[in-house]
2 protein chains.
Amino acid sequence: MINTIKVERAKRNMTQAELAEQVNVSRQTINSIEIGKFIPSTLLSMKIAQIFNTTVNEIFELEASDWKK
Amino acid sequence: MINTIKVERAKRNMTQAELAEQVNVSRQTINSIEIGKFIPSTLLSMKIAQIFNTTVNEIFELEASDWKK
DNA sequence: AAAAAATGTAAACTATACTTGACATTTTGA
DNA sequence: TCAAAATGTCAAGTATAGTTTACATTTTTT
């Protein structure tokens with residue numbers, strides 16, 4: 001699964017630390033999600049989408065490999 | 001956070017077991033999510049939304065309490 | 001009414017999201 | 001060019017998502 005968090009932040013001139021603070025997680029958590037190191041909970045992705053005035057599906061995209069067993 | 005998975009299943013006459021199989025998790029996982037026992041990963045909620053031909057934001061809704069620290 | 005299918009729940013376990021602290025590297029800007 | 005801010009990364013810990021097995025309860029079907 002890929003995401004455009006880094007791009008959305010850039011559009012708004014927002015740092016990882018600022019986004020982290022707004023959604024109440026650590027800066028490293030945002031960093032790890034951007035890099036694809038781990039997948040956030042739906043709660044967190046919903047919060048991130050809301051901060052960016054968009055939807056989870058606009059930010060995150062499933063890949064074919066995500067459906068492999 | 002609340003969700004309408006149970007309703008979406010009902011619309012399609014789909015059992016928890018059938019949905020679970022389609023998104024590759026156990027039946028208890030689907031049950032637990034419907035009941036609000038735990039919050040799925042974004043990967044799983046994206047898959048569920050896709051099975052229902054809809055979006056994560058259509059199925060899941062943030063509540064005011066989700067923003068409390 | 002009885003059988004079968006579906007759902008709820010629980011406990012013990014494994015996997016992974018997320019935290020904290022610390023430091024190295026890169027980017028920005030004065 | 002130098003300092004500060006931002007980003008990348010790592011390790012060790014905690015919290016919680018998700019599995020498996022098993023069984024009880026409810027709903028559906030015959």
# chains A, B, ... in the order shown; residues from 1 in each chain; ligands from 1

$ interface_residues --of "chain C" --to "chain A" --cutoff "12 Å" --atoms "only C-alpha atoms (C1' of nucleotides)" --output "compact mmCIF listing (two decimals) with N, CA and C atoms (P, O5', C5', C4', C3', O3' and C1' of nucleotides), in the first residue's frame"
# COMPACT_ATOMS: atom_id res chain seq x y z
P DT C 16 3.86 -9.22 10.94
O5' DT C 16 3.42 -7.77 11.43
C5' DT C 16 2.04 -7.46 11.56
C4' DT C 16 1.86 -6.21 12.38
C3' DT C 16 2.87 -5.09 12.06
O3' DT C 16 2.17 -3.87 12.20
C1' DT C 16 2.85 -5.44 14.30
P DA C 17 2.23 -2.74 11.07
O5' DA C 17 1.55 -1.49 11.80
C5' DA C 17 0.24 -1.64 12.30
C4' DA C 17 0.08 -0.89 13.62
C3' DA C 17 0.49 0.57 13.61
O3' DA C 17 -0.48 1.27 14.37
C1' DA C 17 1.65 -0.53 15.33
P DC C 18 -0.58 2.90 14.22
O5' DC C 18 0.45 3.38 15.34
C5' DC C 18 0.01 3.37 16.70
C4' DC C 18 1.17 3.61 17.63
C3' DC C 18 1.99 4.88 17.39
O3' DC C 18 1.72 5.80 18.45
C1' DC C 18 3.32 3.03 18.05
P DT C 19 2.67 7.03 18.78
O5' DT C 19 3.65 6.39 19.85
C5' DT C 19 3.12 5.84 21.05
C4' DT C 19 4.19 5.80 22.12
C3' DT C 19 4.98 7.10 22.30
O3' DT C 19 5.10 7.37 23.69
C1' DT C 19 6.47 5.32 21.83
P DT C 20 5.60 8.80 24.16
O5' DT C 20 7.13 8.57 24.55
C5' DT C 20 7.50 7.44 25.32
C4' DT C 20 9.02 7.32 25.33
C3' DT C 20 9.79 8.64 25.29
O3' DT C 20 10.66 8.66 26.40
C1' DT C 20 10.65 7.13 23.69
P DG C 21 11.50 9.99 26.79
O5' DG C 21 12.94 9.61 26.21
C5' DG C 21 13.51 8.34 26.50
C4' DG C 21 14.79 8.18 25.71
C3' DG C 21 15.59 9.48 25.53
O3' DG C 21 16.96 9.20 25.76
C1' DG C 21 15.23 8.48 23.44

$ closest_atom_pairs --of "chain D" --to "chain B" --cutoff "10 Å" --atoms "only C-alpha atoms (C1' of nucleotides)" --output "Markdown table"
| residue | atom | partner | partner_atom | distance |
| --- | --- | --- | --- | --- |
| D:DT16 | C1' | B:Phe38 | CA | 8.2 |
| D:DA17 | C1' | B:Pro40 | CA | 6.8 |
| D:DG18 | C1' | B:Thr29 | CA | 6.4 |
| D:DT19 | C1' | B:Ser26 | CA | 7.1 |
| D:DT20 | C1' | B:Ser26 | CA | 9.1 |

$ interface_residues --of "chain A" --to "chain B" --cutoff "9 Å" --atoms "only C-alpha atoms" --output "ChimeraX atom specification"
/A:1,23-24,39-47,55-57,60-62,66-67,69

$ write_last_selection --atoms "N, CA and C atoms" --output "CSV table (one decimal), in the first residue's frame"
chain,number,residue,atom,x,y,z
A,1,MET,N,0.8,-1.2,0.0
A,1,MET,CA,0.0,0.0,0.0
A,1,MET,C,0.9,1.3,0.0
A,23,VAL,N,-2.3,14.9,15.0
A,23,VAL,CA,-3.1,13.6,15.1
A,23,VAL,C,-2.6,12.8,16.4
A,24,ASN,N,-1.8,13.5,17.2
A,24,ASN,CA,-1.4,12.9,18.5
A,24,ASN,C,-0.7,11.6,18.4
A,39,ILE,N,2.0,0.3,8.4
A,39,ILE,CA,0.7,0.7,8.0
A,39,ILE,C,-0.1,1.2,9.2
A,40,PRO,N,-0.6,2.4,9.1
A,40,PRO,CA,-1.3,3.0,10.3
A,40,PRO,C,-2.7,2.3,10.5
A,41,SER,N,-3.2,2.5,11.7
A,41,SER,CA,-4.5,2.0,12.0
A,41,SER,C,-5.5,2.9,11.2
A,42,THR,N,-6.7,2.4,11.0
A,42,THR,CA,-7.8,3.1,10.3
A,42,THR,C,-8.1,4.4,11.1
A,43,LEU,N,-8.0,4.4,12.4
A,43,LEU,CA,-8.2,5.6,13.2
A,43,LEU,C,-7.2,6.7,12.8
A,44,LEU,N,-6.0,6.3,12.7
A,44,LEU,CA,-4.9,7.3,12.4
A,44,LEU,C,-5.1,7.8,11.0
A,45,SER,N,-5.3,6.9,10.0
A,45,SER,CA,-5.4,7.3,8.6
A,45,SER,C,-6.6,8.2,8.4
A,46,MET,N,-7.7,8.0,9.2
A,46,MET,CA,-8.9,8.9,9.1
A,46,MET,C,-8.6,10.2,9.7
A,47,LYS,N,-7.8,10.3,10.7
A,47,LYS,CA,-7.4,11.6,11.3
A,47,LYS,C,-6.5,12.4,10.4
A,55,THR,N,-9.9,12.4,1.9
A,55,THR,CA,-10.3,11.1,2.4
A,55,THR,C,-9.2,10.1,2.4
A,56,VAL,N,-9.4,9.0,3.1
A,56,VAL,CA,-8.4,7.9,3.3
A,56,VAL,C,-8.1,7.4,1.9
A,57,ASN,N,-9.1,7.2,1.1
A,57,ASN,CA,-8.9,6.6,-0.3
A,57,ASN,C,-8.1,7.6,-1.2
A,60,PHE,N,-4.4,7.0,0.5
A,60,PHE,CA,-3.8,5.6,0.5
A,60,PHE,C,-4.3,4.9,-0.7
A,61,GLU,N,-3.5,4.0,-1.3
A,61,GLU,CA,-3.9,3.2,-2.5
A,61,GLU,C,-3.4,1.8,-2.3
A,62,LEU,N,-4.3,0.9,-2.5
A,62,LEU,CA,-4.0,-0.5,-2.5
A,62,LEU,C,-3.2,-0.9,-3.7
A,66,ASP,N,-1.0,-6.3,-2.3
A,66,ASP,CA,-1.7,-6.3,-1.0
A,66,ASP,C,-2.8,-7.4,-1.0
A,67,TRP,N,-3.2,-7.9,-2.1
A,67,TRP,CA,-4.2,-8.9,-2.2
A,67,TRP,C,-3.7,-10.4,-2.2
A,69,LYS,N,-2.1,-13.8,-1.0
A,69,LYS,CA,-2.2,-14.5,0.3
A,69,LYS,C,-0.8,-14.8,0.9

$ select_by_dssp --residues "chain A" --states "strand (DSSP E)" --output "VMD selection string"
chain A and resid 2 to 3 60 to 61

$ select_by_dssp --residues "chain B" --states "alpha helix (DSSP H)" --output "MDAnalysis selection string"
chainID B and resid 5:11 16:23 27:35 42:51 56:59

$ atom_distance --atom1 "CA of Glu34 (chain A)" --atom2 "CA of Ile5 (chain A)"
6.1 Å

$ residues_around --residues "DT25 (chain D)" --least-positions-apart "2" --cutoff "10 Å" --atoms "only C-alpha atoms (C1' of nucleotides)" --output "ChimeraX atom specification"
/C:7-9 /D:23,27

$ atom_distance --atom1 "CA of Phe52 (chain A)" --atom2 "CA of Ala64 (chain B)"
17.3 Å

$ residues_around --residues "DA3 (chain C)" --least-positions-apart "3" --cutoff "12 Å" --atoms "only C-alpha atoms (C1' of nucleotides)" --output "list of chain:residue names"
D:DT28, D:DT29, D:DT30
